[in-house]
Every structure is written in structure tokens, then in C-alpha cells.
>>> print(open('run.cif').read())   # mmCIF, C-alpha atoms and all ligand atoms
data_protein
#
loop_
_atom_site.label_atom_id
_atom_site.label_comp_id
_atom_site.auth_asym_id
_atom_site.auth_seq_id
_atom_site.Cartn_x
_atom_site.Cartn_y
_atom_site.Cartn_z
CA MET A 621 63.54 135.59 38.82
CA MET A 622 63.98 136.86 35.28
CA LYS A 623 65.77 134.25 33.17
CA THR A 624 67.28 135.80 30.05
CA LEU A 625 67.64 133.50 27.06
CA PRO A 626 70.52 134.53 24.82
CA PRO A 627 70.03 134.91 21.05
CA GLY A 628 70.58 131.54 19.37
CA SER A 629 68.25 129.83 21.87
CA THR A 630 65.32 127.79 20.59
CA ILE A 631 61.72 128.91 21.13
CA GLY A 632 59.08 126.19 20.81
CA ILE A 633 55.69 127.26 19.49
CA LEU A 634 52.62 125.06 19.76
CA GLY A 635 50.42 125.68 16.72
CA GLY A 636 51.31 126.21 13.08
CA GLY A 637 49.14 129.08 11.80
CA GLN A 638 49.70 132.72 10.89
CA LEU A 639 50.22 133.87 14.47
CA GLY A 640 53.07 131.37 14.79
CA ARG A 641 54.44 132.60 11.47
CA MET A 642 54.53 136.22 12.64
CA LEU A 643 55.96 135.22 16.06
CA SER A 644 58.66 133.22 14.34
CA MET A 645 59.64 136.12 12.08
CA ALA A 646 59.88 138.45 15.09
CA ALA A 647 61.98 135.87 16.94
CA ALA A 648 64.31 135.45 13.97
CA GLN A 649 64.93 139.19 13.92
CA LEU A 650 66.21 138.92 17.50
CA GLY A 651 68.44 135.97 16.61
CA TYR A 652 66.30 133.14 18.02
CA ARG A 653 65.38 129.87 16.32
CA CYS A 654 61.77 128.69 16.37
CA HIS A 655 60.60 125.09 16.50
CA ILE A 656 56.95 124.67 15.48
CA TYR A 657 54.83 121.81 16.81
CA ALA A 658 51.56 121.30 14.93
CA PRO A 659 49.31 118.45 13.82
CA ASP A 660 48.92 119.46 10.14
CA ALA A 661 51.73 118.78 7.66
CA GLN A 662 51.00 122.11 5.93
CA SER A 663 52.06 124.84 8.36
CA VAL A 664 52.54 128.46 7.38
CA ALA A 665 54.54 128.93 10.60
CA ALA A 666 56.86 126.00 9.90
CA GLU A 667 57.67 127.50 6.49
CA VAL A 668 59.52 130.38 8.17
CA SER A 669 60.95 128.48 11.16
CA ALA A 670 64.13 126.54 11.87
CA GLU A 671 62.44 123.28 12.90
CA PHE A 672 59.08 121.56 12.60
CA THR A 673 57.58 118.63 14.43
CA CYS A 674 54.37 117.47 12.81
CA ALA A 675 52.55 115.44 15.47
CA GLN A 676 49.31 115.33 17.40
CA ASP A 677 48.85 117.45 20.53
CA ASP A 678 48.40 114.34 22.71
CA ASP A 679 51.40 112.42 21.31
CA ILE A 680 53.39 112.56 24.54
CA ALA A 681 56.56 110.98 23.11
CA SER A 682 56.79 113.55 20.27
CA LEU A 683 55.77 116.39 22.57
CA THR A 684 58.48 115.44 25.08
CA ARG A 685 61.18 115.26 22.37
CA PHE A 686 60.03 118.65 21.11
CA ALA A 687 60.02 120.17 24.60
CA GLU A 688 63.50 118.82 25.36
CA SER A 689 64.82 120.57 22.23
CA CYS A 690 63.44 123.97 23.35
CA ASP A 691 64.73 126.59 25.79
CA VAL A 692 61.27 128.09 26.25
CA ILE A 693 57.84 127.09 24.92
CA SER A 694 54.86 129.24 23.95
CA PHE A 695 51.71 128.75 21.88
CA GLU A 696 49.89 130.62 19.16
CA PHE A 697 46.59 128.77 19.55
CA GLU A 698 44.65 128.73 22.82
CA ASN A 699 42.87 125.45 22.20
CA VAL A 700 45.99 123.33 22.71
CA PRO A 701 44.93 120.45 25.02
CA VAL A 702 46.14 121.29 28.51
CA GLU A 703 46.64 117.80 29.97
CA PRO A 704 49.67 116.86 27.81
CA LEU A 705 51.28 120.22 28.66
CA HIS A 706 51.38 119.28 32.35
CA GLN A 707 53.43 116.25 31.37
CA ILE A 708 56.15 118.29 29.64
CA ALA A 709 56.21 121.00 32.30
CA GLY A 710 59.66 119.96 33.56
CA CYS A 711 61.38 120.14 30.15
CA ALA A 712 61.32 123.91 29.50
CA PRO A 713 59.49 126.97 30.87
CA LEU A 714 56.05 127.45 29.28
CA TYR A 715 54.70 131.00 28.84
CA PRO A 716 51.94 132.16 29.11
CA PRO A 717 51.12 129.85 32.04
CA ILE A 718 48.85 126.81 31.69
CA ALA A 719 46.37 128.52 34.07
CA ALA A 720 45.68 131.10 31.35
CA LEU A 721 44.88 128.36 28.82
CA ASP A 722 42.59 126.64 31.31
CA ILE A 723 40.56 129.82 31.74
CA ALA A 724 40.58 130.98 28.11
CA GLN A 725 39.45 127.60 26.76
CA ASN A 726 36.17 127.89 28.60
CA ARG A 727 33.81 130.80 27.91
CA VAL A 728 32.09 130.38 31.27
CA ALA A 729 35.35 130.22 33.23
CA GLU A 730 36.68 133.38 31.57
CA LYS A 731 33.52 135.35 32.32
CA ILE A 732 33.56 134.23 35.95
CA PHE A 733 37.27 135.06 36.17
CA ALA A 734 36.62 138.56 34.78
CA ARG A 735 33.74 139.12 37.21
CA ASP A 736 35.87 137.87 40.12
CA HIS A 737 38.38 140.61 39.26
CA GLY A 738 35.81 143.38 39.18
CA GLY A 739 34.77 143.18 35.52
CA THR A 740 31.27 143.33 34.06
CA THR A 741 30.01 140.86 31.47
CA ALA A 742 26.80 140.36 29.52
CA PRO A 743 24.21 138.38 31.50
CA PHE A 744 24.91 134.72 30.83
CA ALA A 745 23.83 131.20 31.75
CA GLU A 746 25.49 127.86 31.22
CA VAL A 747 23.40 125.57 29.01
CA THR A 748 24.09 121.84 28.96
CA SER A 749 20.66 120.51 27.92
CA ARG A 750 17.70 121.54 25.81
CA ALA A 751 15.68 122.20 28.99
CA GLU A 752 18.40 124.53 30.29
CA LEU A 753 18.23 126.48 27.04
CA ASP A 754 14.52 127.18 27.68
CA GLN A 755 15.35 128.29 31.21
CA ALA A 756 18.30 130.45 30.10
CA ILE A 757 16.25 132.34 27.51
CA ALA A 758 13.41 132.75 30.02
CA ASP A 759 15.94 134.31 32.44
CA ILE A 760 18.06 136.36 30.02
CA GLY A 761 15.48 137.16 27.36
CA ALA A 762 16.01 137.49 23.62
CA PRO A 763 17.82 138.56 21.53
CA ALA A 764 20.63 136.40 22.86
CA ILE A 765 23.64 134.50 21.53
CA LEU A 766 24.26 130.83 22.14
CA LYS A 767 27.99 130.03 22.03
CA THR A 768 29.74 126.70 22.52
CA ILE A 769 31.72 126.85 25.76
CA ARG A 770 34.81 125.40 24.08
CA MET A 771 36.51 125.68 20.69
CA GLY A 772 34.53 128.61 19.25
CA TYR A 773 36.33 131.35 17.34
CA ASP A 774 35.59 133.89 14.61
CA GLY A 775 31.84 133.53 15.17
CA LYS A 776 31.97 129.74 14.70
CA GLY A 777 30.00 127.62 17.15
CA GLN A 778 27.49 130.47 17.66
CA SER A 779 23.78 130.85 17.04
CA ARG A 780 21.90 134.17 17.34
CA ILE A 781 18.48 133.87 18.95
CA GLN A 782 15.72 136.36 18.10
CA PRO A 783 12.54 136.84 20.15
CA GLY A 784 9.98 134.15 19.29
CA ASP A 785 12.51 131.80 17.62
CA ASP A 786 12.03 128.06 17.79
CA LEU A 787 14.83 127.14 20.21
CA ASP A 788 15.12 123.61 18.77
CA GLN A 789 16.82 125.01 15.70
CA HIS A 790 19.42 126.85 17.82
CA TRP A 791 20.08 123.79 19.93
CA GLN A 792 20.67 121.85 16.70
CA ALA A 793 22.92 124.62 15.36
CA VAL A 794 25.33 124.05 18.27
CA ALA A 795 24.87 120.26 17.97
CA GLY A 796 23.76 120.02 21.59
CA GLN A 797 27.24 120.90 22.86
CA PRO A 798 27.70 122.56 26.26
CA CYS A 799 27.06 126.25 25.65
CA VAL A 800 26.77 129.62 27.24
CA ALA A 801 23.71 131.74 26.46
CA GLU A 802 24.56 135.44 26.54
CA GLY A 803 22.27 138.42 26.49
CA PHE A 804 22.70 140.44 23.30
CA VAL A 805 24.75 143.53 24.15
CA ARG A 806 23.81 146.95 22.75
CA PHE A 807 27.26 148.39 22.25
CA SER A 808 28.49 151.50 20.50
CA HIS A 809 31.94 150.07 19.69
CA GLU A 810 34.12 147.02 20.18
CA PHE A 811 37.71 147.30 21.34
CA SER A 812 40.53 145.23 22.74
CA VAL A 813 43.09 145.82 25.44
CA ILE A 814 46.40 144.35 24.31
CA LEU A 815 49.08 144.17 26.98
CA VAL A 816 52.42 142.52 27.45
CA ARG A 817 53.61 141.40 30.87
CA GLY A 818 57.27 140.62 31.51
CA GLN A 819 58.71 137.97 33.80
CA ASP A 820 59.35 140.71 36.38
CA GLY A 821 55.66 141.77 36.34
CA GLU A 822 56.11 144.94 34.26
CA VAL A 823 52.98 145.62 32.17
CA ARG A 824 52.80 147.71 28.99
CA PHE A 825 49.72 148.45 26.91
CA TRP A 826 49.47 149.25 23.25
CA ASP A 827 47.05 151.92 22.07
CA THR A 828 43.53 150.52 22.28
CA PRO A 829 42.27 149.57 18.83
CA HIS A 830 38.69 150.09 17.74
CA ASN A 831 37.68 146.75 16.24
CA VAL A 832 35.01 146.36 13.59
CA HIS A 833 33.62 142.88 13.04
CA GLU A 834 31.70 141.64 10.02
CA ASP A 835 29.87 138.30 10.21
CA GLY A 836 31.50 137.61 13.59
CA ILE A 837 35.03 137.98 12.14
CA LEU A 838 37.36 140.91 12.75
CA ALA A 839 37.39 143.09 9.64
CA HIS A 840 39.27 146.25 10.73
CA SER A 841 41.29 147.55 13.69
CA LEU A 842 41.84 151.29 13.95
CA ALA A 843 44.11 153.22 16.31
CA PRO A 844 43.87 155.57 18.06
CA ALA A 845 40.32 154.76 19.06
CA PRO A 846 37.46 157.32 19.21
CA VAL A 847 36.61 159.10 22.44
CA GLU A 848 33.73 156.71 23.24
CA ILE A 849 36.35 153.98 23.63
CA LEU A 850 39.08 156.12 25.20
CA ASN A 851 36.61 157.05 27.96
CA GLN A 852 36.39 153.37 28.89
CA GLN A 853 40.04 152.50 28.37
CA GLU A 854 41.22 153.03 31.93
CA ALA A 855 38.67 150.67 33.50
CA ALA A 856 39.23 148.03 30.81
CA ARG A 857 43.02 148.23 31.17
CA ALA A 858 42.78 147.98 34.95
CA LEU A 859 40.72 144.79 34.65
CA ALA A 860 43.06 143.23 32.06
CA ALA A 861 46.14 144.03 34.18
CA LYS A 862 44.49 142.59 37.30
CA MET A 863 43.62 139.40 35.46
CA ALA A 864 47.17 139.14 34.08
CA GLU A 865 48.66 139.57 37.52
CA ALA A 866 46.32 136.99 39.04
CA MET A 867 47.49 134.43 36.46
CA ASP A 868 51.18 135.38 36.93
CA TYR A 869 51.02 135.96 33.21
CA VAL A 870 54.06 136.32 30.93
CA GLY A 871 53.65 137.40 27.30
CA VAL A 872 50.94 139.18 25.31
CA LEU A 873 47.37 139.01 26.62
CA THR A 874 44.35 140.33 24.73
CA CYS A 875 40.98 141.11 26.31
CA GLU A 876 38.02 142.00 24.09
CA PHE A 877 35.39 144.47 25.29
CA PHE A 878 32.13 146.08 24.22
CA ALA A 879 31.83 149.82 24.87
CA THR A 880 28.35 150.35 26.33
CA SER A 881 26.50 153.17 28.05
CA ASP A 882 27.24 151.32 31.33
CA GLY A 883 30.98 151.18 30.67
CA PRO A 884 33.23 148.44 29.29
CA LEU A 885 31.73 144.94 29.15
CA PHE A 886 34.27 142.11 29.05
CA ASN A 887 33.60 139.65 26.21
CA GLU A 888 36.53 137.26 26.09
CA MET A 889 40.27 136.93 26.47
CA ALA A 890 42.94 135.41 24.26
CA PRO A 891 46.14 134.35 26.06
CA ARG A 892 48.24 135.19 23.04
CA VAL A 893 49.03 137.69 20.32
CA HIS A 894 45.80 138.68 18.61
CA ASN A 895 44.45 139.67 15.23
CA SER A 896 43.43 143.08 16.64
CA GLY A 897 47.13 143.70 17.35
CA HIS A 898 48.47 143.03 13.85
CA TRP A 899 48.62 146.79 13.22
CA THR A 900 51.45 146.97 15.79
CA ILE A 901 53.92 145.38 13.32
CA GLU A 902 54.37 148.71 11.54
CA GLY A 903 52.03 150.93 13.57
CA ALA A 904 53.77 150.67 16.95
CA VAL A 905 57.40 151.16 17.95
CA THR A 906 57.53 147.50 19.06
CA SER A 907 55.07 144.95 17.70
CA GLN A 908 52.97 142.57 19.77
CA PHE A 909 54.98 139.71 18.25
CA GLU A 910 58.37 141.13 19.22
CA ASN A 911 57.24 142.00 22.74
CA HIS A 912 55.81 138.52 23.24
CA ILE A 913 59.21 137.07 22.28
CA ARG A 914 60.97 139.62 24.51
CA ALA A 915 58.73 138.72 27.46
CA ILE A 916 59.08 134.94 27.21
CA CYS A 917 62.85 135.24 26.66
CA GLY A 918 63.29 137.53 29.67
CA LEU A 919 64.44 140.54 27.63
CA PRO A 920 63.53 144.17 28.40
CA LEU A 921 60.12 145.04 26.92
CA GLY A 922 60.05 147.39 23.93
CA ASP A 923 58.23 150.72 23.62
CA THR A 924 54.56 150.17 22.73
CA GLY A 925 53.85 153.72 21.53
CA LEU A 926 52.22 154.55 18.19
CA ALA A 927 54.61 154.95 15.25
CA ALA A 928 52.19 157.13 13.24
CA ASN A 929 49.35 159.57 13.88
CA ARG A 930 46.78 157.01 12.85
CA VAL A 931 46.93 153.34 11.88
CA GLU A 932 44.42 151.13 10.08
CA MET A 933 44.58 147.35 9.77
CA HIS A 934 42.26 145.62 7.33
CA ASN A 935 41.96 141.85 7.31
CA LEU A 936 42.03 140.15 3.94
CA ILE A 937 39.37 137.50 4.20
CA GLY A 938 38.72 134.95 1.47
CA ALA A 939 38.94 136.43 -2.04
CA GLN A 940 39.94 139.89 -0.68
CA SER A 941 43.55 138.70 -0.79
CA ASP A 942 43.26 138.04 -4.53
CA ASP A 943 43.64 141.84 -4.94
CA TRP A 944 47.24 141.70 -3.70
CA GLN A 945 48.63 143.48 -6.75
CA ALA A 946 46.26 146.42 -6.38
CA LEU A 947 47.03 146.56 -2.65
CA LEU A 948 50.75 146.72 -3.38
CA ALA A 949 50.22 149.44 -5.98
CA ALA A 950 49.39 151.83 -3.13
CA GLY A 951 52.97 152.36 -2.02
CA ALA A 952 52.22 153.13 1.63
CA ASN A 953 50.38 149.86 2.23
CA HIS A 954 52.13 147.18 4.25
CA LEU A 955 50.83 143.90 2.85
CA HIS A 956 51.04 140.67 4.83
CA LEU A 957 50.05 137.41 3.16
CA TYR A 958 50.06 134.28 5.27
CA GLY A 959 51.06 131.83 2.55
CA LYS A 960 47.87 129.78 2.80
CA GLY A 961 47.53 129.11 -0.93
CA ALA A 962 44.12 129.42 -2.59
CA SER A 963 41.64 131.68 -0.82
CA ARG A 964 38.54 130.15 0.76
CA PRO A 965 35.45 132.09 1.90
CA GLY A 966 35.75 133.22 5.53
CA ARG A 967 39.44 132.27 5.77
CA LYS A 968 41.96 134.84 7.03
CA MET A 969 44.47 135.05 4.17
CA GLY A 970 46.41 138.14 5.18
CA HIS A 971 46.08 141.74 6.28
CA VAL A 972 47.08 145.19 5.12
CA THR A 973 48.24 148.02 7.38
CA LYS A 974 48.13 151.70 6.47
CA LEU A 975 49.96 154.36 8.45
CA HIS A 976 48.83 158.00 8.37
CA PHE A 977 51.32 160.72 9.32
P1 LIG B 1 33.13 136.23 20.08
O1 LIG B 1 33.45 134.91 19.44
O2 LIG B 1 32.57 136.09 21.45
O3 LIG B 1 34.29 137.18 20.02
O4 LIG B 1 32.00 136.89 19.17
C1 LIG B 1 32.26 137.35 17.85
C2 LIG B 1 31.56 138.67 17.61
O5 LIG B 1 30.13 138.50 17.73
C3 LIG B 1 31.89 139.76 18.62
O6 LIG B 1 33.08 140.40 18.30
C4 LIG B 1 30.66 140.65 18.48
O7 LIG B 1 30.72 141.43 17.31
C5 LIG B 1 29.54 139.66 18.34
N1 LIG B 1 29.03 139.29 19.68
C6 LIG B 1 29.51 138.29 20.47
N2 LIG B 1 28.83 138.23 21.65
C7 LIG B 1 27.91 139.21 21.62
C8 LIG B 1 26.90 139.66 22.53
N3 LIG B 1 26.69 139.05 23.72
N4 LIG B 1 26.13 140.71 22.16
C9 LIG B 1 26.30 141.32 20.94
N5 LIG B 1 27.23 140.93 20.04
C10 LIG B 1 28.03 139.89 20.35
#
>>> encode(input="run.cif", output="C-alpha cells")
Amino acid sequence: MMKTLPPGSTIGILGGGQLGRMLSMAAAQLGYRCHIYAPDAQSVAAEVSAEFTCAQDDDIASLTRFAESCDVISFEFENVPVEPLHQIAGCAPLYPPIAALDIAQNRVAEKIFARDHGGTTAPFAEVTSRAELDQAIADIGAPAILKTIRMGYDGKGQSRIQPGDDLDQHWQAVAGQPCVAEGFVRFSHEFSVILVRGQDGEVRFWDTPHNVHEDGILAHSLAPAPVEILNQQEAARALAAKMAEAMDYVGVLTCEFFATSDGPLFNEMAPRVHNSGHWTIEGAVTSQFENHIRAICGLPLGDTGLAANRVEMHNLIGAQSDDWQALLAAGANHLHLYGKGASRPGRKMGHVTKLHF
């Protein structure tokens, strides 16, 4: 049953970063109030929201008070501990469902889940000891990538293994944490399927962006994508929609893929709005942020079509955001700064979107 929350209702968001900030701004436009729950006192999401609870993720008393003040709860960060969420489940609906967090927090679980729904992944092996690392590389071969099973993002918690490398150094690089070893994929392009699923099961896709990473971090997203990606879009979308349905998903779901000569290879999923969808704020009729709010509030989903012939999104990483005046001088640029203060190397400080007509 679709439960429509009227404007004026309170949306709880777990996590206090830039995704929460952009969700909160989209919610405000529709007349909702956002309540941010995050462990750090400095929160760029709380700065633009109606309420803020600064408390730890496992502080059940604070979490319960927060949940009781909300009409619906969502998250902007997929590494929220799951156990405490079960304890507040009766206070307010939580979207996307906890099952999606359980899967997305574990790189092995998400690959198995994708395979179970007909997807293809890089060859991989779970590695929980130094001896298993030897075995995994013997099975998969090198080059390969060793990734921590939990908590990795933006290339963090990863070590790239070349043929002949001393594996001790890679095992040290991941501090002996449980890992997945993945075969290195020869891909022509990277892309993501970004979909929104409503409470009634309706699914809409945005145009598939071509994503360019530098040093393991997203640098640019470009839409529409080139033909090499468009040829693989249907299969990738079908997999993402199947996975969403299996989780009884509500909200925006992002699945990242490699375009290879054997078709789309699933890399990972994010049960949330995603950096590769930031271009939708100005580049699509309805942004990923607005449609996430619409979905969790039980509103009709908005049109996901392109709003220009071509859209580019460039992340501003570290000192790149220091050029904000020059970026604004180009009148067609849409500049987004996340309010994080001084730039630090590797930190996502903002993004700029350019529309071409
Ligand atoms: P991830 O954290 O899994 O998204 O990895 C970050 C980036 O590293 C990806 O977007 C790719 O550019 C690269 N990468 C990750 N896994 C592989 C792989 N198995 N083969 C080749 N490149 C990879």
C-alpha cells in the first residue's frame, strides 16, 4: 500500500554529508522538513536541515528519540550499522529497506546477489587470511585488486596487485582485514544504472552516465553515454531492476558496471543517491534527489528524461574547488559547493554541471 506523506512531514536522514545536504534541499522544495542524524558535530547536511541530532549510530536511546520524531527515515550513507536499525523499525518506515544495506555493506554479498539475479561479475574470491590470498591469486591470476569486504569507498581499502608482486605488502596494505580479491577487468568504459523505485513498484531509469574515474574516485559523469555503453544498457538495467524488485526496494538505487567485450560486468551497488547522478539536478527533468524523496514519501515519481542534449558533471576534488570564481565566471556552469570548509587532497568538495543545448 502506498502511504503518501503530506508536505510538512518530517524526513529523517541517517548520515550528515553532501548527499544528505542535497536530499534535504530537494525535500525542502517539496515542503518537507529534514532531521539529520549523524555522529560528527560538523554536518554539511544539518546546515540546511530543520533538525539535527548529533549522536553515535549505536546510541539506541538517541536513535529511538530521533526515529519517533520522523514520519519516514532514509539514509545517505550505506555503512550505517544495521543492528540498531532493527531496533527502531517500529517507529517509522525506513526506505530503502534494511535488506539493501545488508547486501551493499558486503562486497562479497553484493556480487553473489548480482550473480543470483543473472548478472556477471569479475572473477572473485573471499580472502580472510594470508594463505587464502596466495590461493586466490593462484586461482584468479594477476593483475588483480584486493578490496576490503566492508567500509571501502572511493578506492580506499584497496590494493592493486601486479604479476610477481610480493603479496605480503598487499596483505599489509589492507591491514589483514577480510577482503575480496577480484580479477582486473579490461573494460572500455564504466557506467552506472541509476533507477528509482516507488512504493507501488514502478521503476524509472535516468539516462545512463558514462563515468570516468581518476585514482579510484569518480572524476566525470557524462550523459548521454557513447554507443559502447548504450549497447549494454538494456542488460544492465534489467539486472538492476531485478535486484531492486527482489529487495522490495523503495528509493534511488545505483549499480555500477564495467562495459566489456563480454557485456556489462556488475561491480557494486549503492542503495542510495549517487555521485554519478549529481548531473540530474539540472540535467534531468527530475533529479535523483527529488525522486528519492518522492519515492519514500509515496508521491508520484517525476520524469527522469534529459533536460539538455548533453550533460557533463565534473567533481571538484581537493584544491579544484578553490577555482570557484573562475567556474562561476562561465555563466552556464551550475556550481555546487558542499560547504566543507578548507579543501583537502582527495576530498569531494563540490561539483560543476554543464548543460549543452
Ligand atoms: P570500487 O570501489 O569497486 O568502485 O572501485 C573504484 C574504481 O577502481 C572503479 O570505479 C574502477 O575504476 C576501478 N576498479 C575497481 N575494481 C576493478 C576491477 N576488478 N578491475 C579493474 N578496475 C577496477
>>> residues_around(input="run.cif", residues="Val813 (chain A)", least_positions_apart="5", cutoff="6 Å", atoms="all atoms listed in the file", output="PDB file with C-alpha atoms, in the frame of the given file")
ATOM      1  CA  THR A 828      43.530 150.520  22.280  1.00  0.00           C
ATOM      2  CA  THR A 874      44.350 140.330  24.730  1.00  0.00           C
ATOM      3  CA  CYS A 875      40.980 141.110  26.310  1.00  0.00           C
TER       4      CYS A 875
END
>>> residues_near_ligand(input="run.cif", ligand="ligand LIG 1 (chain B)", cutoff="8 Å", atoms="only C-alpha atoms and all ligand atoms", output="ChimeraX atom specification")
/A:742,764-765,767,772-776,778,802-807,810,832-838,876,887-888
>>> residues_around(input="run.cif", residues="Pro763 (chain A)", least_positions_apart="6", cutoff="6 Å", atoms="all atoms listed in the file", output="PyMOL selection string")
chain A and resi 781-783+804
>>> residues_around(input="run.cif", residues="Ala658 (chain A)", least_positions_apart="2", cutoff="6 Å", atoms="only C-alpha atoms", output="list in words")
Gly635, Gly636, Asp660, Cys674 and Ala675 of chain A
>>> residues_around(input="run.cif", residues="Ile656 (chain A)", least_positions_apart="6", cutoff="12 Å", atoms="all atoms listed in the file", output="PyMOL selection string")
chain A and resi 630-641+643-644+662-675+677+683+686-687+689-690+693-697
>>> closest_atom_pairs(input="run.cif", of="region 778-858 of chain A", to="region 708-721 of chain A", cutoff="12 Å", atoms="only C-alpha atoms", output="CSV")
residue,atom,partner,partner_atom,distance
A:Val816,CA,A:Pro716,CA,10.5
A:Arg817,CA,A:Pro716,CA,9.6
A:Gly818,CA,A:Pro716,CA,10.3
A:Gln819,CA,A:Tyr715,CA,9.4
>>> closest_residue(input="run.cif", among="A:His898, A:Arg780, A:His737, A:His790", to="Ala856 (chain A)", atoms="only C-alpha atoms")
A:His737
>>> atom_distance(input="run.cif", atom1="CA of Asp785 (chain A)", atom2="CA of Glu746 (chain A)")
19.2 Å
>>> atom_distance(input="run.cif", atom1="CA of Lys968 (chain A)", atom2="CA of Gly938 (chain A)")
6.4 Å
>>> axis_aligned_box(input="run.cif", around="region 715-731 of chain A", padding_each_side="4 Å", output="lines of an AutoDock Vina configuration file")
center_x = 43.4
center_y = 131.0
center_z = 30.4
size_x = 30.6
size_y = 16.7
size_z = 15.3
>>> residues_around(input="run.cif", residues="Leu787 (chain A)", least_positions_apart="5", cutoff="12 Å", atoms="all atoms listed in the file", output="MDAnalysis selection string")
chainID A and resid 749:758 762:766 779:782 792:794 796 801
>>> closest_residue(input="run.cif", among="A:Gly821, A:Pro659, A:Pro884, A:Pro891", to="Gln725 (chain A)", atoms="only C-alpha atoms")
A:Pro891
>>> atom_distance(input="run.cif", atom1="CA of Ala915 (chain A)", atom2="CA of Asp679 (chain A)")
28.0 Å
>>> closest_residue(input="run.cif", among="A:Arg727, A:Arg964, A:His655, A:Arg892", to="Arg770 (chain A)", atoms="only C-alpha atoms")
A:Arg727
>>> closest_residue(input="run.cif", among="A:Ser808, A:Ser629, A:Gln676, A:Ser682", to="Arg653 (chain A)", atoms="all atoms listed in the file")
A:Ser629
>>> closest_residue(input="run.cif", among="A:Tyr869, A:Phe909, A:Trp899, A:Trp791", to="His971 (chain A)", atoms="only C-alpha atoms")
A:Trp899
>>> closest_residue(input="run.cif", among="A:Gly918, A:Ile769, A:Arg735, A:Ile814", to="Leu625 (chain A)", atoms="all atoms listed in the file")
A:Gly918
>>> build_atoms(input="run.cif", residues="region 647-654 of chain A", atoms="all heavy atoms", output="compact mmCIF listing (two decimals), keeping the file's coordinate frame")
# COMPACT_ATOMS: atom_id res chain seq x y z
N ALA A 647 60.93 136.55 16.18
CA ALA A 647 61.98 135.87 16.94
C ALA A 647 63.27 135.81 16.13
O ALA A 647 64.37 136.04 16.66
CB ALA A 647 61.52 134.46 17.31
N ALA A 648 63.13 135.54 14.83
CA ALA A 648 64.31 135.45 13.97
C ALA A 648 65.06 136.77 13.94
O ALA A 648 66.30 136.81 13.95
CB ALA A 648 63.90 135.03 12.56
N GLN A 649 64.30 137.87 13.95
CA GLN A 649 64.93 139.19 13.92
C GLN A 649 65.82 139.40 15.15
O GLN A 649 66.85 140.07 15.07
CB GLN A 649 63.84 140.26 13.87
CG GLN A 649 64.38 141.65 13.68
CD GLN A 649 63.27 142.68 13.69
OE1 GLN A 649 62.15 142.42 13.24
NE2 GLN A 649 63.57 143.86 14.19
N LEU A 650 65.41 138.78 16.26
CA LEU A 650 66.21 138.92 17.50
C LEU A 650 67.25 137.80 17.63
O LEU A 650 67.87 137.66 18.69
CB LEU A 650 65.27 138.92 18.71
CG LEU A 650 64.36 140.15 18.83
CD1 LEU A 650 63.34 139.96 19.95
CD2 LEU A 650 65.19 141.41 19.09
N GLY A 651 67.39 136.99 16.59
CA GLY A 651 68.44 135.97 16.61
C GLY A 651 68.05 134.64 17.22
O GLY A 651 68.91 133.80 17.47
N TYR A 652 66.75 134.43 17.46
CA TYR A 652 66.30 133.14 18.02
C TYR A 652 65.91 132.19 16.89
O TYR A 652 65.61 132.61 15.77
CB TYR A 652 65.10 133.36 18.95
CG TYR A 652 65.46 134.16 20.18
CD1 TYR A 652 65.11 135.51 20.29
CD2 TYR A 652 66.18 133.58 21.21
CE1 TYR A 652 65.46 136.25 21.40
CE2 TYR A 652 66.54 134.32 22.33
CZ TYR A 652 66.18 135.65 22.42
OH TYR A 652 66.54 136.37 23.51
N ARG A 653 65.85 130.92 17.24
CA ARG A 653 65.38 129.87 16.32
C ARG A 653 64.01 129.42 16.83
O ARG A 653 63.83 129.25 18.03
CB ARG A 653 66.31 128.66 16.36
CG ARG A 653 67.76 128.97 16.15
CD ARG A 653 68.64 127.75 16.46
NE ARG A 653 68.43 126.70 15.46
CZ ARG A 653 67.78 125.58 15.67
NH1 ARG A 653 67.25 125.32 16.85
NH2 ARG A 653 67.64 124.69 14.71
N CYS A 654 63.08 129.20 15.93
CA CYS A 654 61.77 128.69 16.37
C CYS A 654 61.57 127.26 15.92
O CYS A 654 62.00 126.86 14.83
CB CYS A 654 60.63 129.58 15.86
SG CYS A 654 60.48 131.08 16.84
